Amino acid sequence: MSELPKAYEPQAVEKQWYSAWQENGCFHADTSSEKEGYSIVIPPPNVTGILHLGHVLNNTIQDILARRARQQGKEVLWLPGTDHAGIATQTKVERQLREEEGKTRRDVGRDAFLDRVWDWKEKHGGIIIQQLKRLGCSCDWDRERFTMDEDYSGWVAKVFTDLFNEGLIYRGKRMVNWCPVSLTALSDEEVIMKPQNSKLYFMKYELVDAPGEFLEISTTRPETLMGDSAVAVNPKDERFASYIGRKVRRPFPEAEIEIIADDHVDVEFGTGALKITPAHDKADFEIGQRHGLEIIDVIHADGTINCPDCPDLDGLDRFQARRKAAAKLEEMGLLIRIEEYENNVGYSERADVPIEPRISMQWFLKYPCVKEAVDAVADGEITFRPARWAKTYAHWLENIQDWCISRQLWWGHQIPVWYRKEKVDALQGAESLDVSNLEAGDIYVSAEPPSDPENWVRDEDVMDTWFSSWLWPFATMNETERGKFYPTTDLVTGPDILFFWVARMIMAGYRFEDELPFKNVFFTSLIRDSQGRKMSKSLGNSPDPIDLMDEYGADGLRFGLLRTAPVGTDVRFDEQLVAEGRNFANKLYNACRFRQMSGDAAEVSGQLPVISRLRPYHIDIATKLDHLAENLEKSYSDYRFNDVGQQLYDFLWSEFCDKFLEAVKGDLRDTASAEARETTLAVFDAVMSRYLQLLHPYMPHITEELSARMGYVQDGAFLMEKTYPSDALISGEDAAASQAEAIYATAGRMRNLKAEYNVAARKDVKFIIIKAEPWLTAETDVLGLLAGGEIEILTAYEAPKGTPAAVTDVGEVYLPLEGLIDVEAEKSRLDKEIAKVASEVTKCDAKLGNAAFVDRAPAELVDREKARRDEWSQKLGQLQEMRASLG
RNA sequence: GCGCGAUUAGCUCAGGGGUAGAGCGCAUGCUUCACACGCAUGAUGUCGCAGGUUCAAAUCCUGCAUCGCGCACCA
């Protein structure tokens, strides 16, 4: 046992223990272990990512689960890794290339560009991993994976091939969500609807067969007018019945387009007439399909206008073109008016620009094992917490759309499809190659490249990053590892990726491993700032967790965040929480420092001394420690991490320090007997050594540090590897424990008295207790809790008139104060107290006088009410007696 | 539009048919020999609104309001 430094300095301590754990293989999972397996796969952060508070919350929870599982004697695998994050990573490297060399990726070419991304990944990619280590995450770093590792890539290609052969993956020309900045298709999940303050343009098209007569149309997108191939009205709309089948004149480029009838058109909206642009709107596309309309593409991939017939618009950005088109209409006298209008516009999640619906050739997946995935959660084979997410999950799966899995990027898993060279050459590129029309010999789909590569051209696209992520729970493991650790036990993730990731993993698990990928899913809260706003870079309201750890320690950050993180609702983050975590660590540290300053125990056995040597305080704290362990068990089983944190906090601060330590302080003074000292130290050690274990998952570093310094863990051993004892520390001593409670309550009343008479700071006051409980023998018992003074226990006492007094759980307490006694003040104080107690008695009486209550409420409840009434009225009697003695 | 949350002390949040809780903040007093990242004491609430069920509702039910989220969308 070495001496503790004066103040707790987490930074050095945390670093040192983390290294020690790593060097000693504490995080390593042994596949040949006899122990029961427990596993978590980390939600792989983007390889380009840096740690934010969401990661802190999420990974701390995983670490807590992992460390607790180890304490329960399980063999734990927490499998870490990172995600290649296609668009995000490629964008970063492209930006660097542009800024430093003024080049685009096409300037350097595909292979050279990919080399640069790999270089970039090697150089900057590990930041978040280092940050997770700083946080104390007990991941098995020997097994760190990356979604573009060779083995992992093999899985991705194999899965693609299997699903292709099964007919679930197909290529086709479809309306997709196109990001004009990233220049790639996106899945529906990557589109975020945002309300916009837009304008609704009312314009008119002239009827071809009736010059001077117009059809009024409303639109938010006049810039797509050149792509209109019809105007639609609702067939039930009487206003337009006579228009159907006639033609109107599209103003530019001038053309005659038909007025068609389609149910899709909302009679109520705008003018009731809808311009149809099949190339640039999903609904219009469908209408176009129904009516066999021409598809006129007037927008380039980058969002600029593609319309050589309108030179003044051609090449303009789509938003510039919108204003220009409106101006043109106005010039032509065809613009009626413009209204302010709020609508929802889909934005690219990554580039944060409006999506352009665009027809292009893409690969799609019809999801496998949808039914199994729905059933797994519905039947409770997979448990969601909070459970309500199950509904959202089921709803999504029941309305599931095919997944656009191809991306027009370079960084990612390239589609393992090759086309016969002649076919591609004939079409001048594979882009428009219709796979469904290819002969079997003209397409090659395999995880292995063709043996005669010179005859083939590979599909240029890569797959959506999530098409690799969805394999994460099993593609990260080899066969032996899967044997021991698959399916995994818990998955901890944010509800924002329920569709992106969780649902897809479940389907992939069933399809490729014939089994669910995890048994429990815990959805973490979303962290907001103290004003309830989302954390975002642009708002600058997202504190850097590393700064917080520098200031408060990783343990402080973990504990502060977890203690108040509610389950199922958003968390409002305030740095004050982290400060509280740091303060808590300091409190714990000082409690241990205090004990250490009081000398060594003969031997740290972790066991309590024999019962006969224990005083109520000892028994009480040991009992409470056992209760704490039980209650934590309950809270953990419900994944109520905030509850666990709060209980750990209350035990140490309120029960252990405020009550127990204050009560037994006297035992540790030089004046105390050797036996008293030894007993108290032994109790301290027995309780604290277990408490440190209970706290360990939340504050791994400080608990490991203190356990070592206090001698609770032998040299060379680690707290994190110790199994929590299965036996209780103490049992069947509830009576003694409640005596301690009574004394604490009494001491509280006595402090009240001192405070009320402004003698709180004085140490020379003397209390007198009469009618004491028979077990209250040692009058010094209460003293430590009073910070000085003297106590005398008498069987009878004639208090001077006006002596401050109170009725407590152990008897009547008097505070004789020479020269301070004011009879009138005491009378009024007692009157106030009497009124309070009397009102309690009245309340009880009223309740007991209510026949309905007595007859119908459970007997147990009525008895409790009676006991309460008796207690209060006894108190009332005593108080009235005291009051009477004052005259 | 459909669905899901939230609404409790000044703030952040627990709780949950039977005496309203914590931390912070606030007020007052403490350089008490572990800790001022501390100790003690104290003040503070029509538990969003309106109905209903019940002996009893902050808690359960039904509406409503406000805030937030998800899904679907009318150009």
# chains A, B, ... in the order shown; residues from 1 in each chain; ligands from 1
>>> interface_residues(of="chain A", to="chain B", cutoff="6 Å", atoms="only C-alpha atoms (C1' of nucleotides)", output="ChimeraX atom specification")
/A:219,269,274,583,587,590-591,593-594,755,852-853
>>> write_last_selection(atoms="C-alpha atoms", output="PDB file, in the first residue's frame")
ATOM      1  CA  THR A 219     -45.294  24.619 -59.860  1.00  0.00           C
ATOM      2  CA  PHE A 269     -53.785  21.956 -54.718  1.00  0.00           C
ATOM      3  CA  LEU A 274     -49.938  19.692 -62.825  1.00  0.00           C
ATOM      4  CA  ASN A 583     -16.069  15.915  -8.348  1.00  0.00           C
ATOM      5  CA  LYS A 587     -14.780  12.444  -3.442  1.00  0.00           C
ATOM      6  CA  ASN A 590     -10.425  11.384  -0.787  1.00  0.00           C
ATOM      7  CA  ALA A 591     -12.472   8.813   1.058  1.00  0.00           C
ATOM      8  CA  ARG A 593      -7.006   8.766   1.065  1.00  0.00           C
ATOM      9  CA  PHE A 594      -8.580   9.302   4.439  1.00  0.00           C
ATOM     10  CA  ALA A 755     -28.603  25.541  13.153  1.00  0.00           C
ATOM     11  CA  ALA A 852     -64.390   3.488   1.874  1.00  0.00           C
ATOM     12  CA  PHE A 853     -60.651   3.529   2.356  1.00  0.00           C
TER      13      PHE A 853
END
>>> residues_around(residues="stretch 62-73 of chain A", least_positions_apart="6", cutoff="7 Å", atoms="only C-alpha atoms (C1' of nucleotides)", output="list in words")
Lys35, Tyr38, Cys137, Ser138, Val492, Pro697, Tyr698, Met720, Glu721, Lys722, Thr723 and Tyr724 of chain A
>>> atom_distance(atom1="atom CA of A:Lys484", atom2="atom CA of A:Gln131")
28.6 Å
>>> select_by_dssp(residues="stretch 62-198 of chain A", states="strand (DSSP E or B)", output="ChimeraX atom specification")
/A:75-79,81-83,145-146,169-179,184-186,191-198
>>> select_by_dssp(residues="stretch 659-798 of chain A", states="alpha helix (DSSP H)", output="PyMOL selection string")
chain A and resi 662-664+674-695+700-709+734-756
>>> residues_around(residues="stretch 562-576 of chain A", least_positions_apart="6", cutoff="6 Å", atoms="only C-alpha atoms (C1' of nucleotides)", output="list in words")
Pro386, Ser525, Leu526, Ile527, Arg528, Asp529, Ser530, Asn642, Gly645 and Gln646 of chain A
>>> write_last_selection(atoms="N, CA, C and O atoms", output="PDB file, in the first residue's frame")
ATOM      1  N   PRO A 386     -35.243   1.250 -26.067  1.00  0.00           N
ATOM      2  CA  PRO A 386     -36.630   1.154 -25.638  1.00  0.00           C
ATOM      3  C   PRO A 386     -37.467   0.384 -26.662  1.00  0.00           C
ATOM      4  O   PRO A 386     -37.223   0.488 -27.859  1.00  0.00           O
ATOM      5  N   SER A 525     -29.566   7.515 -26.428  1.00  0.00           N
ATOM      6  CA  SER A 525     -30.224   8.811 -26.574  1.00  0.00           C
ATOM      7  C   SER A 525     -29.435   9.678 -27.548  1.00  0.00           C
ATOM      8  O   SER A 525     -28.249   9.478 -27.752  1.00  0.00           O
ATOM      9  N   LEU A 526     -30.137  10.651 -28.066  1.00  0.00           N
ATOM     10  CA  LEU A 526     -29.474  11.647 -28.885  1.00  0.00           C
ATOM     11  C   LEU A 526     -29.009  12.758 -27.953  1.00  0.00           C
ATOM     12  O   LEU A 526     -29.741  13.175 -27.064  1.00  0.00           O
ATOM     13  N   ILE A 527     -27.775  13.223 -28.152  1.00  0.00           N
ATOM     14  CA  ILE A 527     -27.276  14.275 -27.280  1.00  0.00           C
ATOM     15  C   ILE A 527     -27.491  15.644 -27.904  1.00  0.00           C
ATOM     16  O   ILE A 527     -27.113  15.885 -29.039  1.00  0.00           O
ATOM     17  N   ARG A 528     -28.126  16.501 -27.142  1.00  0.00           N
ATOM     18  CA  ARG A 528     -28.358  17.875 -27.588  1.00  0.00           C
ATOM     19  C   ARG A 528     -27.574  18.825 -26.701  1.00  0.00           C
ATOM     20  O   ARG A 528     -27.077  18.416 -25.658  1.00  0.00           O
ATOM     21  N   ASP A 529     -27.526  20.068 -27.089  1.00  0.00           N
ATOM     22  CA  ASP A 529     -26.832  21.022 -26.233  1.00  0.00           C
ATOM     23  C   ASP A 529     -27.780  21.480 -25.124  1.00  0.00           C
ATOM     24  O   ASP A 529     -28.932  21.051 -25.057  1.00  0.00           O
ATOM     25  N   SER A 530     -27.292  22.366 -24.252  1.00  0.00           N
ATOM     26  CA  SER A 530     -28.097  22.709 -23.078  1.00  0.00           C
ATOM     27  C   SER A 530     -29.366  23.466 -23.470  1.00  0.00           C
ATOM     28  O   SER A 530     -30.287  23.577 -22.674  1.00  0.00           O
ATOM     29  N   ASN A 642     -28.601   5.232 -16.355  1.00  0.00           N
ATOM     30  CA  ASN A 642     -28.650   6.431 -15.521  1.00  0.00           C
ATOM     31  C   ASN A 642     -28.974   6.064 -14.071  1.00  0.00           C
ATOM     32  O   ASN A 642     -28.422   6.632 -13.133  1.00  0.00           O
ATOM     33  N   GLY A 645     -25.883   4.656 -12.382  1.00  0.00           N
ATOM     34  CA  GLY A 645     -24.978   5.749 -12.032  1.00  0.00           C
ATOM     35  C   GLY A 645     -25.456   6.494 -10.801  1.00  0.00           C
ATOM     36  O   GLY A 645     -24.673   6.806  -9.889  1.00  0.00           O
ATOM     37  N   GLN A 646     -26.734   6.768 -10.772  1.00  0.00           N
ATOM     38  CA  GLN A 646     -27.285   7.505  -9.639  1.00  0.00           C
ATOM     39  C   GLN A 646     -27.129   6.715  -8.340  1.00  0.00           C
ATOM     40  O   GLN A 646     -26.789   7.262  -7.298  1.00  0.00           O
TER      41      GLN A 646
END
>>> atom_distance(atom1="atom CA of A:Pro700", atom2="atom CA of A:Thr476")
26.7 Å
>>> closest_residue(among="A:Met507, A:Val377, A:Leu719, A:Leu614", to="A:Glu675", atoms="only C-alpha atoms")
A:Leu614
>>> atom_distance(atom1="atom CA of A:Tyr617", atom2="atom CA of A:Glu865")
29.1 Å
>>> residues_around(residues="B:G10", least_positions_apart="6", cutoff="10 Å", atoms="only C-alpha atoms (C1' of nucleotides)", output="PyMOL selection string")
chain B and resi 25-26+44
>>> write_last_selection(atoms="N, CA and C atoms (P, O5', C5', C4', C3', O3' and C1' of nucleotides)", output="JSON list (two decimals), in the first residue's frame")
[["chain", "number", "residue", "atom", "x", "y", "z"],
["B", 25, "G", "P", -23.54, 24.57, -7.74],
["B", 25, "G", "O5'", -24.72, 25.59, -8.07],
["B", 25, "G", "C5'", -24.70, 26.33, -9.29],
["B", 25, "G", "C4'", -25.99, 27.11, -9.42],
["B", 25, "G", "C3'", -26.32, 28.02, -8.25],
["B", 25, "G", "O3'", -25.64, 29.26, -8.34],
["B", 25, "G", "C1'", -28.23, 26.76, -8.81],
["B", 26, "C", "P", -25.15, 29.95, -7.02],
["B", 26, "C", "O5'", -26.53, 30.33, -6.30],
["B", 26, "C", "C5'", -27.45, 31.22, -6.91],
["B", 26, "C", "C4'", -28.68, 31.36, -6.04],
["B", 26, "C", "C3'", -28.40, 31.68, -4.58],
["B", 26, "C", "O3'", -28.14, 33.06, -4.40],
["B", 26, "C", "C1'", -30.02, 29.96, -4.72],
["B", 44, "U", "P", -40.90, 26.76, 1.29],
["B", 44, "U", "O5'", -40.79, 26.78, -0.30],
["B", 44, "U", "C5'", -40.92, 28.01, -1.01],
["B", 44, "U", "C4'", -40.39, 27.83, -2.40],
["B", 44, "U", "C3'", -41.05, 26.69, -3.19],
["B", 44, "U", "O3'", -42.26, 27.14, -3.77],
["B", 44, "U", "C1'", -38.68, 26.69, -3.51]]
>>> closest_residue(among="A:Thr31, A:Thr271, A:Gln22, A:Ser673", to="A:Ile217", atoms="only C-alpha atoms")
A:Thr271
